[in-house]
$ cat entry.txt   # compact mmCIF, N, CA and C atoms
# COMPACT_ATOMS: atom_id res chain seq x y z
N MET A 724 -12.47 -21.24 15.70
CA MET A 724 -12.38 -21.29 14.26
C MET A 724 -11.81 -19.97 13.76
N ALA A 725 -10.76 -20.01 12.99
CA ALA A 725 -10.10 -18.82 12.46
C ALA A 725 -10.89 -18.25 11.30
N TYR A 726 -10.84 -16.93 11.17
CA TYR A 726 -11.51 -16.27 10.05
C TYR A 726 -10.74 -16.54 8.77
N GLU A 727 -11.45 -16.91 7.73
CA GLU A 727 -10.83 -17.16 6.43
C GLU A 727 -11.46 -16.22 5.41
N THR A 728 -10.63 -15.45 4.71
CA THR A 728 -11.12 -14.52 3.70
C THR A 728 -11.62 -15.30 2.49
N LYS A 729 -12.83 -14.99 2.06
CA LYS A 729 -13.39 -15.62 0.87
C LYS A 729 -12.91 -14.84 -0.36
N ASP A 730 -12.91 -15.51 -1.51
CA ASP A 730 -12.44 -14.90 -2.74
C ASP A 730 -13.26 -13.66 -3.08
N ASN A 731 -12.57 -12.63 -3.56
CA ASN A 731 -13.15 -11.35 -3.97
C ASN A 731 -13.81 -10.61 -2.82
N THR A 732 -13.27 -10.78 -1.61
CA THR A 732 -13.72 -10.03 -0.44
C THR A 732 -12.50 -9.53 0.33
N GLY A 733 -12.74 -8.63 1.25
CA GLY A 733 -11.67 -8.11 2.09
C GLY A 733 -12.23 -7.29 3.22
N SER A 734 -11.34 -6.82 4.09
CA SER A 734 -11.72 -6.01 5.24
C SER A 734 -10.71 -4.90 5.44
N MET A 735 -11.20 -3.74 5.92
CA MET A 735 -10.32 -2.63 6.26
C MET A 735 -10.71 -2.13 7.64
N PHE A 736 -9.70 -1.64 8.37
CA PHE A 736 -9.89 -1.15 9.72
C PHE A 736 -9.17 0.18 9.88
N PRO A 737 -9.61 1.05 10.79
CA PRO A 737 -8.91 2.33 11.00
C PRO A 737 -7.44 2.08 11.37
N ASN A 738 -6.56 2.91 10.83
CA ASN A 738 -5.13 2.81 11.11
C ASN A 738 -4.85 3.54 12.42
N GLU A 739 -4.69 2.82 13.50
CA GLU A 739 -4.45 3.41 14.82
C GLU A 739 -3.01 3.86 14.99
N ARG A 740 -2.14 3.54 14.04
CA ARG A 740 -0.72 3.93 14.13
C ARG A 740 -0.36 5.02 13.13
N LYS A 741 -1.34 5.74 12.62
CA LYS A 741 -1.08 6.81 11.65
C LYS A 741 -0.31 7.93 12.34
N GLU A 742 0.84 8.29 11.77
CA GLU A 742 1.68 9.33 12.37
C GLU A 742 1.88 10.53 11.45
N SER A 743 1.55 10.40 10.17
CA SER A 743 1.70 11.52 9.24
C SER A 743 0.59 11.45 8.20
N ALA A 744 0.45 12.53 7.44
CA ALA A 744 -0.61 12.60 6.41
C ALA A 744 -0.41 11.56 5.32
N ASN A 745 0.83 11.09 5.12
CA ASN A 745 1.09 10.09 4.08
C ASN A 745 0.66 8.69 4.49
N HIS A 746 0.56 8.42 5.77
CA HIS A 746 0.14 7.09 6.22
C HIS A 746 -1.33 6.88 5.90
N PRO A 747 -1.73 5.64 5.58
CA PRO A 747 -3.13 5.39 5.25
C PRO A 747 -4.05 5.62 6.46
N ASP A 748 -5.28 6.05 6.18
CA ASP A 748 -6.29 6.21 7.22
C ASP A 748 -6.88 4.87 7.63
N ALA A 749 -6.83 3.90 6.74
CA ALA A 749 -7.35 2.56 7.02
C ALA A 749 -6.45 1.53 6.34
N LYS A 750 -6.37 0.34 6.94
CA LYS A 750 -5.55 -0.74 6.38
C LYS A 750 -6.33 -2.04 6.50
N GLY A 751 -5.94 -3.02 5.69
CA GLY A 751 -6.59 -4.31 5.75
C GLY A 751 -6.02 -5.25 4.71
N SER A 752 -6.81 -6.25 4.38
CA SER A 752 -6.38 -7.22 3.38
C SER A 752 -7.59 -7.69 2.58
N ALA A 753 -7.30 -8.27 1.42
CA ALA A 753 -8.35 -8.77 0.53
C ALA A 753 -7.80 -9.94 -0.27
N MET A 754 -8.70 -10.78 -0.76
CA MET A 754 -8.33 -11.86 -1.66
C MET A 754 -9.07 -11.62 -2.97
N ILE A 755 -8.31 -11.45 -4.05
CA ILE A 755 -8.89 -11.18 -5.36
C ILE A 755 -8.41 -12.26 -6.32
N ASP A 756 -9.33 -13.02 -6.86
CA ASP A 756 -9.03 -14.13 -7.76
C ASP A 756 -7.99 -15.08 -7.16
N GLY A 757 -8.13 -15.37 -5.88
CA GLY A 757 -7.26 -16.32 -5.21
C GLY A 757 -5.91 -15.77 -4.78
N VAL A 758 -5.65 -14.48 -4.99
CA VAL A 758 -4.38 -13.86 -4.61
C VAL A 758 -4.63 -12.91 -3.44
N GLU A 759 -3.80 -13.02 -2.39
CA GLU A 759 -3.95 -12.16 -1.22
C GLU A 759 -3.24 -10.82 -1.43
N TYR A 760 -3.92 -9.74 -1.02
CA TYR A 760 -3.40 -8.38 -1.15
C TYR A 760 -3.49 -7.64 0.17
N TRP A 761 -2.53 -6.73 0.43
CA TRP A 761 -2.67 -5.73 1.46
C TRP A 761 -3.50 -4.61 0.84
N VAL A 762 -4.38 -3.98 1.63
CA VAL A 762 -5.19 -2.87 1.15
C VAL A 762 -4.92 -1.67 2.06
N SER A 763 -4.67 -0.52 1.47
CA SER A 763 -4.49 0.72 2.22
C SER A 763 -5.49 1.73 1.67
N GLY A 764 -6.07 2.54 2.56
CA GLY A 764 -7.06 3.52 2.14
C GLY A 764 -6.80 4.89 2.74
N TRP A 765 -7.00 5.93 1.92
CA TRP A 765 -6.83 7.31 2.35
C TRP A 765 -8.16 8.03 2.18
N ASN A 766 -8.63 8.72 3.22
CA ASN A 766 -9.85 9.51 3.14
C ASN A 766 -9.54 10.82 2.42
N LYS A 767 -10.32 11.12 1.40
CA LYS A 767 -10.12 12.32 0.58
C LYS A 767 -11.43 13.10 0.51
N LYS A 768 -11.35 14.34 0.00
CA LYS A 768 -12.54 15.16 -0.22
C LYS A 768 -12.46 15.80 -1.59
N THR A 769 -13.61 15.88 -2.26
CA THR A 769 -13.68 16.57 -3.54
C THR A 769 -13.63 18.08 -3.28
N GLN A 770 -13.54 18.87 -4.34
CA GLN A 770 -13.55 20.32 -4.18
C GLN A 770 -14.85 20.81 -3.56
N GLU A 771 -15.91 20.04 -3.74
CA GLU A 771 -17.21 20.39 -3.16
C GLU A 771 -17.34 19.91 -1.71
N GLY A 772 -16.33 19.20 -1.21
CA GLY A 772 -16.35 18.73 0.18
C GLY A 772 -16.96 17.35 0.37
N LYS A 773 -17.25 16.66 -0.71
CA LYS A 773 -17.83 15.32 -0.62
C LYS A 773 -16.72 14.29 -0.38
N GLY A 774 -16.89 13.40 0.58
CA GLY A 774 -15.87 12.44 0.94
C GLY A 774 -15.79 11.24 0.00
N TRP A 775 -14.58 10.73 -0.17
CA TRP A 775 -14.34 9.50 -0.93
C TRP A 775 -13.08 8.87 -0.40
N ARG A 776 -12.78 7.63 -0.79
CA ARG A 776 -11.60 6.92 -0.29
C ARG A 776 -10.76 6.43 -1.46
N SER A 777 -9.47 6.75 -1.42
CA SER A 777 -8.49 6.27 -2.39
C SER A 777 -7.91 4.96 -1.86
N LEU A 778 -7.79 3.95 -2.72
CA LEU A 778 -7.29 2.64 -2.30
C LEU A 778 -6.04 2.26 -3.05
N ALA A 779 -5.16 1.50 -2.38
CA ALA A 779 -3.97 0.93 -3.01
C ALA A 779 -3.91 -0.54 -2.62
N PHE A 780 -3.59 -1.40 -3.58
CA PHE A 780 -3.48 -2.84 -3.36
C PHE A 780 -2.05 -3.28 -3.64
N THR A 781 -1.50 -4.09 -2.75
CA THR A 781 -0.16 -4.64 -2.93
C THR A 781 -0.21 -6.13 -2.66
N ARG A 782 0.27 -6.93 -3.61
CA ARG A 782 0.28 -8.38 -3.41
C ARG A 782 1.10 -8.75 -2.18
N LYS A 783 0.56 -9.61 -1.34
CA LYS A 783 1.27 -10.01 -0.13
C LYS A 783 2.52 -10.81 -0.46
N ASP A 784 2.55 -11.55 -1.55
CA ASP A 784 3.73 -12.36 -1.88
C ASP A 784 4.83 -11.52 -2.53
N GLN A 785 4.58 -10.25 -2.84
CA GLN A 785 5.59 -9.40 -3.45
C GLN A 785 6.15 -8.36 -2.49
N GLN A 786 5.44 -8.07 -1.41
CA GLN A 786 5.89 -7.08 -0.45
C GLN A 786 5.42 -7.52 0.92
N SER A 787 6.25 -7.32 1.94
CA SER A 787 5.92 -7.81 3.27
C SER A 787 5.03 -6.87 4.05
N ALA A 788 4.76 -5.65 3.57
CA ALA A 788 3.94 -4.71 4.32
C ALA A 788 3.14 -3.84 3.35
N PRO A 789 2.04 -3.26 3.86
CA PRO A 789 1.24 -2.39 3.02
C PRO A 789 2.01 -1.14 2.61
N PRO A 790 1.69 -0.56 1.45
CA PRO A 790 2.37 0.66 1.04
C PRO A 790 1.96 1.84 1.89
N ARG A 791 2.80 2.89 1.90
CA ARG A 791 2.49 4.09 2.68
C ARG A 791 1.62 5.06 1.89
N ALA A 792 1.77 5.13 0.60
CA ALA A 792 1.00 6.07 -0.21
C ALA A 792 0.71 5.44 -1.55
N PRO A 793 -0.42 5.81 -2.18
CA PRO A 793 -0.74 5.22 -3.48
C PRO A 793 0.26 5.66 -4.54
N ALA A 794 0.49 4.80 -5.50
CA ALA A 794 1.41 5.11 -6.59
C ALA A 794 0.77 6.14 -7.51
N PRO A 795 1.58 6.96 -8.17
CA PRO A 795 1.02 7.93 -9.11
C PRO A 795 0.32 7.22 -10.26
N SER A 796 -0.67 7.86 -10.84
CA SER A 796 -1.46 7.22 -11.89
C SER A 796 -0.85 7.36 -13.27
N ARG A 797 0.29 8.04 -13.41
CA ARG A 797 0.90 8.20 -14.73
C ARG A 797 1.86 7.06 -15.02
N ALA A 798 2.16 6.85 -16.27
CA ALA A 798 3.09 5.79 -16.68
C ALA A 798 4.51 6.19 -16.29
N PRO A 799 5.35 5.23 -15.89
CA PRO A 799 6.71 5.57 -15.50
C PRO A 799 7.52 6.09 -16.69
N SER A 800 8.43 7.01 -16.40
CA SER A 800 9.27 7.55 -17.46
C SER A 800 10.35 6.53 -17.83
N HIS A 801 11.03 6.79 -18.93
CA HIS A 801 12.10 5.90 -19.37
C HIS A 801 13.20 5.84 -18.31
N ASP A 802 13.54 6.98 -17.69
CA ASP A 802 14.58 7.02 -16.67
C ASP A 802 14.18 6.21 -15.45
N ALA A 803 12.90 6.27 -15.05
CA ALA A 803 12.44 5.51 -13.90
C ALA A 803 12.53 4.01 -14.18
N ALA A 804 12.14 3.59 -15.38
CA ALA A 804 12.22 2.16 -15.73
C ALA A 804 13.67 1.69 -15.74
N LYS A 805 14.57 2.53 -16.26
CA LYS A 805 15.98 2.18 -16.31
C LYS A 805 16.56 2.08 -14.89
N ALA A 806 16.17 2.98 -14.00
CA ALA A 806 16.68 2.98 -12.62
C ALA A 806 16.26 1.71 -11.89
N ARG A 807 15.08 1.18 -12.18
CA ARG A 807 14.62 -0.04 -11.52
C ARG A 807 15.46 -1.24 -11.93
N GLN A 808 16.09 -1.20 -13.10
CA GLN A 808 16.87 -2.33 -13.59
C GLN A 808 18.29 -2.34 -13.04
N LEU A 809 18.78 -1.20 -12.54
CA LEU A 809 20.14 -1.13 -12.04
C LEU A 809 20.23 -1.76 -10.65
N PRO A 810 21.29 -2.52 -10.36
CA PRO A 810 21.43 -3.09 -9.02
C PRO A 810 21.73 -2.00 -8.01
N ARG A 811 21.25 -2.19 -6.78
CA ARG A 811 21.52 -1.24 -5.72
C ARG A 811 22.92 -1.45 -5.18
N GLN A 812 23.56 -0.37 -4.84
CA GLN A 812 24.90 -0.45 -4.29
C GLN A 812 24.89 0.18 -2.91
N GLY A 813 25.89 -0.13 -2.12
CA GLY A 813 26.02 0.45 -0.79
C GLY A 813 26.06 -0.63 0.26
N SER A 814 26.02 -0.20 1.49
CA SER A 814 26.16 -1.12 2.61
C SER A 814 24.88 -1.89 2.91
N GLY A 815 23.77 -1.43 2.37
CA GLY A 815 22.50 -2.07 2.67
C GLY A 815 21.74 -1.30 3.74
N PHE A 816 22.42 -0.42 4.46
CA PHE A 816 21.76 0.37 5.49
C PHE A 816 21.38 1.76 5.00
N ASP A 817 22.02 2.24 3.95
CA ASP A 817 21.76 3.59 3.47
C ASP A 817 20.42 3.70 2.73
N ASP A 818 19.83 2.57 2.32
CA ASP A 818 18.55 2.63 1.62
C ASP A 818 17.38 2.22 2.51
N MET A 819 17.62 2.05 3.79
CA MET A 819 16.56 1.66 4.70
C MET A 819 15.74 2.90 5.11
N THR A 820 14.46 2.70 5.37
CA THR A 820 13.60 3.79 5.82
C THR A 820 13.26 3.57 7.28
N ASP A 821 12.68 4.56 7.87
CA ASP A 821 12.24 4.48 9.26
C ASP A 821 10.83 3.95 9.39
N ASP A 822 10.22 3.51 8.29
CA ASP A 822 8.84 3.04 8.30
C ASP A 822 8.71 1.73 9.06
N VAL A 823 7.63 1.62 9.80
CA VAL A 823 7.30 0.37 10.48
C VAL A 823 6.40 -0.41 9.53
N PRO A 824 6.73 -1.67 9.22
CA PRO A 824 5.98 -2.41 8.18
C PRO A 824 4.65 -2.97 8.62
N PHE A 825 3.97 -2.34 9.56
CA PHE A 825 2.63 -2.83 9.93
C PHE A 825 1.75 -1.72 10.36
$ encode --input "entry.txt" --output "structure tokens"
Amino acid sequence: MAYETKDNTGSMFPNERKESANHPDAKGSAMIDGVEYWVSGWNKKTQEGKGWRSLAFTRKDQQSAPPRAPAPSRAPSHDAAKARQLPRQGSGFDDMTDDVPF
């Protein structure tokens, strides 16, 4: 019997393929209100040395792999919003990264 994620639950596991500080310390998946998400977690410390975990959620139907780093918490600038609307140009290889999507 295969494991089936119940609504509003998820699981995270240590990232055994972490190669840099930007890669998540833990990865997993969750289902929130019937939508499946990739979950990435980074272990952090407060100035007092107390541990906590930063999380990032990415819809599985919008991206094929978990993100590498959490998005900034500030609102995007006008220039950033405009850049997202412009079509990408080039051969298709110049915008590829070396990231492994798992």
$ closest_residue --input "entry.txt" --among "A:Ile755, A:Glu771, A:Arg776, A:Asp748" --to "A:Phe736" --atoms "only N, CA and C atoms"
A:Asp748
$ residues_around --input "entry.txt" --residues "A:Val758" --least-positions-apart "4" --cutoff "12 Å" --atoms "only C-alpha atoms" --output "PyMOL selection string"
chain A and resi 728-733+752-754+780-785
$ atom_distance --input "entry.txt" --atom1 "atom N of A:Glu742" --atom2 "atom CA of A:Gly764"
13.3 Å
$ atom_distance --input "entry.txt" --atom1 "atom CA of A:Ser763" --atom2 "atom CA of A:Ala779"
5.3 Å
$ atom_distance --input "entry.txt" --atom1 "atom C of A:Met735" --atom2 "atom C of A:Lys767"
16.8 Å
